[in-house]
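One structure is given here, and the rest of the page talks about it.
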Amino acid sequence: MHTVYAALGDRVIIGDSDSGWDDCLLGHDIECVAAGAAEPERAFVGTADAGLRRTTDGGATWDAVLEAGDRVTSVTVSPHDADAVWAGTEPSAVYRSTDGGATWTERSGLTDLDSASRWSFPPRPHTHHVRWLALAPEDPEQVYAAIEAGAFLRSSDGGETWVDHPDGARRDNHTLATHPDAPDRVYTAAGDGFALSADRGATWTHPQEGLEHRYVWGLAVRPDDPDCVVVSAAAGARSAHSTSGESYVYRWDGDRWTRSMDGLPGPAGLARPVLAAGPDGGFLALTNHGLFRSKQGDAWTRTDHNNGDWPADYEQVPSGLAVV
């Protein structure tokens with residue numbers, strides 16, 4: 001039985017494979033969510049109005065554990081150590097906890113980089129933020145940071161020092177991923193397209209064949225196959241981030257992209273789905289119409305939460321998804 005933490009715009013809903021959903025943090029402005037398989041009852045939710053919140057009892061209670069920055073825009077639990085947690089904020093800063101989120105230290109130096117003068121988030125052009133954080137699967141000190149918008153950054157020493165944006169990397173990065181079977185790979189879904197690095201982010205390729213929509217948001221890699229990738233994409237930001245817009249899911253097989261809409265709603269009226277790798281293989285897609293599963297990423301089925309009934313209150317642009 002797996003626990004799903006699904007972040008919507010104004011709440012986090014929590015459920016497992018047999019039950020319906022429980023609403024948590026109702027009324028907050030939700031930005032992101034993360035949890036780790038080693039401690040499935042412990043989860044972290046970043047908000048725009050109340051910092052970073054932590055539960056240690058599966059969502060029954062929540063504590064404020066990080067109030068740095070105006071918004072906590074990204075959070076990830078290390079795959080190496082359940083007590084190592086990373087968070088990113090707006091304005092752009094990175095924090096690390098080594099005690100399960102109880103205390104935090106800033107990994108400074110981010111905005112001292114040369115590219116920082118060009119960072120800007122279009123809806124709030126006076127600022128920018130860390131949209132995603134990822135760790136190399138075999139090295140807990142190798143950290144990747146996606147700046148929205150302006151840069152892909154990396155650190156090989158746990159955030160003590162940072163390497164600035166390399167040539168060829170995407171600038172409007174939304175979601176990053178790594179894979180244990182290809183430990184030097186980094187995948188990114190960005191507003192300026194998909195990109196792939198085979199050398200820990202130093203150089204990049206841009207596999208685009210078949211990807212007809214280049215504003216890419218969601219991203220997940222099949223747990224047992226680093227060449228099987230799904231992304232969500234749209235023609236542009238306005239269409240992607242609206243429940244009246246139009247979005248697509250694509251599947252990459254290591255060679256080219258194909259649309260993967262079988263069983264999904266839309267594309268009309270589909271906000272860009274948030275995608276995640278399933279803990280038992282395959283993928284999950286959180287949409288404004290419900291949660292969907294796929295074994296191979298080529299066909300999707302609705303989950304059985306609430307007997308397939310997705311309440312009207314949940315018909316929102318999703319913010320994040322964690323499955324443990």
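Ordering of the structure tokens sets the chain letters (A, B, ...); residue numbers start at 1 within each chain; ligands are numbered from 1 in the order shown.
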Compile the contact shell of range 219-229 of chain A as a ChimeraX atom specification: residues with an atom at most 8 Å away, counting only C-alpha atoms, same-chain residues fewer than 6 positions apart removed. /A:175-179,181-182,188-189,251-254,274-279,281-283,296-297
Selection from above, N, CA and C atoms, as a tab-separated table (two decimals), in the first residue's frame, can you write it?
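again37.tsv written:
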chain	number	residue	atom	x	y	z
A	175	THR	N	11.40	21.15	-13.89
A	175	THR	CA	11.53	19.89	-13.17
A	175	THR	C	12.81	19.19	-13.58
A	176	LEU	N	13.55	18.67	-12.58
A	176	LEU	CA	14.76	17.90	-12.83
A	176	LEU	C	14.55	16.46	-12.39
A	177	ALA	N	15.31	15.55	-12.98
A	177	ALA	CA	15.28	14.15	-12.57
A	177	ALA	C	16.65	13.53	-12.76
A	178	THR	N	16.94	12.50	-11.95
A	178	THR	CA	18.12	11.66	-12.11
A	178	THR	C	17.66	10.21	-12.08
A	179	HIS	N	18.60	9.26	-12.32
A	179	HIS	CA	18.22	7.85	-12.35
A	179	HIS	C	19.37	6.99	-11.85
A	181	ASP	N	20.22	3.97	-12.51
A	181	ASP	CA	20.86	3.13	-13.51
A	181	ASP	C	21.68	3.93	-14.52
A	182	ALA	N	21.61	5.25	-14.45
A	182	ALA	CA	22.42	6.13	-15.29
A	182	ALA	C	22.85	7.29	-14.39
A	188	THR	N	15.94	17.45	-17.68
A	188	THR	CA	15.22	18.66	-17.29
A	188	THR	C	14.03	18.90	-18.22
A	189	ALA	N	12.92	19.29	-17.62
A	189	ALA	CA	11.74	19.78	-18.34
A	189	ALA	C	11.70	21.28	-18.14
A	251	ARG	N	5.78	10.62	-24.36
A	251	ARG	CA	6.66	9.55	-23.88
A	251	ARG	C	7.89	9.46	-24.78
A	252	TRP	N	9.05	9.38	-24.16
A	252	TRP	CA	10.32	9.25	-24.89
A	252	TRP	C	10.88	7.85	-24.64
A	253	ASP	N	11.30	7.17	-25.69
A	253	ASP	CA	11.80	5.80	-25.57
A	253	ASP	C	13.30	5.72	-25.79
A	254	GLY	N	13.98	6.85	-25.65
A	254	GLY	CA	15.41	6.90	-25.91
A	254	GLY	C	15.75	7.30	-27.32
A	274	VAL	N	1.27	17.08	-13.34
A	274	VAL	CA	2.48	16.82	-12.58
A	274	VAL	C	2.72	15.32	-12.63
A	275	LEU	N	3.95	14.91	-12.93
A	275	LEU	CA	4.27	13.50	-13.15
A	275	LEU	C	5.23	12.99	-12.09
A	276	ALA	N	5.12	11.71	-11.77
A	276	ALA	CA	6.02	11.09	-10.80
A	276	ALA	C	6.23	9.64	-11.15
A	277	ALA	N	7.40	9.11	-10.80
A	277	ALA	CA	7.65	7.68	-10.93
A	277	ALA	C	6.95	6.95	-9.80
A	278	GLY	N	6.31	5.83	-10.12
A	278	GLY	CA	5.64	5.04	-9.11
A	278	GLY	C	6.62	4.20	-8.32
A	279	PRO	N	6.41	3.99	-7.02
A	279	PRO	CA	7.34	3.21	-6.22
A	279	PRO	C	7.39	1.73	-6.61
A	281	GLY	N	7.13	0.84	-9.89
A	281	GLY	CA	7.34	0.90	-11.32
A	281	GLY	C	6.27	1.72	-12.00
A	282	GLY	N	6.55	2.16	-13.21
A	282	GLY	CA	5.58	2.93	-13.96
A	282	GLY	C	5.53	4.38	-13.51
A	283	PHE	N	4.39	5.03	-13.82
A	283	PHE	CA	4.24	6.46	-13.63
A	283	PHE	C	2.89	6.80	-13.01
A	296	GLN	N	3.77	1.67	-18.51
A	296	GLN	CA	4.82	1.94	-19.48
A	296	GLN	C	4.86	3.39	-19.95
A	297	GLY	N	3.87	4.18	-19.55
A	297	GLY	CA	3.79	5.55	-20.03
A	297	GLY	C	3.11	5.70	-21.36
Residue with smallest distance to Val143 in chain A - pool A:Gly51, A:Pro125, A:Gly201, A:Pro273, counting only C-alpha atoms: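 For Val143 in chain A, the nearest of the given residues is A:Gly201.
With distances restricted to only C-alpha atoms, A:Ser92 is the closest residue to Glu148 in chain A from A:Ser239, A:Ser92, A:Thr76, A:Ser244.
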Just list the residues in range 107-315 of chain A DSSP gives strand (DSSP E) on the backbone, as an NGL selection string. :A and (129-136 or 139-148 or 151-155 or 173-179 or 182-190 or 193-197 or 215-221 or 229-234 or 247-252 or 257-259 or 274-277 or 283-287 or 290-294 or 301-302)
Residue neighbourhood range 9-14 of chain A, 6 Å, only C-alpha atoms, exclusion window fewer than 3 positions, as a ChimeraX atom specification: /A:4-6,21-30
Near Asp298 in chain A, counting only C-alpha atoms, which residues have an atom at most 8 Å away, once you skip same-chain residues fewer than 6 positions from it, shown as JSON, numbers by chain? {"A": [251, 260, 261, 262]}
Output for the residues just chosen: N, CA and C atoms as a CSV table (one decimal), in the first residue's frame:
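File out-v6.csv, as written:
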chain,number,residue,atom,x,y,z
A,251,ARG,N,5.8,10.6,-24.4
A,251,ARG,CA,6.7,9.5,-23.9
A,251,ARG,C,7.9,9.5,-24.8
A,260,SER,N,1.2,10.6,-25.6
A,260,SER,CA,0.8,9.5,-24.7
A,260,SER,C,-0.5,10.0,-24.0
A,261,MET,N,-1.6,10.1,-24.7
A,261,MET,CA,-2.8,10.6,-24.2
A,261,MET,C,-3.9,9.6,-24.0
A,262,ASP,N,-3.6,8.3,-24.3
A,262,ASP,CA,-4.6,7.2,-24.2
A,262,ASP,C,-5.0,7.1,-22.7
Write out as a PyMOL selection string the residues lying within 8 Å of range 100-108 of chain A, counting only C-alpha atoms and excluding same-chain residues fewer than 5 positions away. chain A and resi 54+65-66+82-85+93-95+159-161
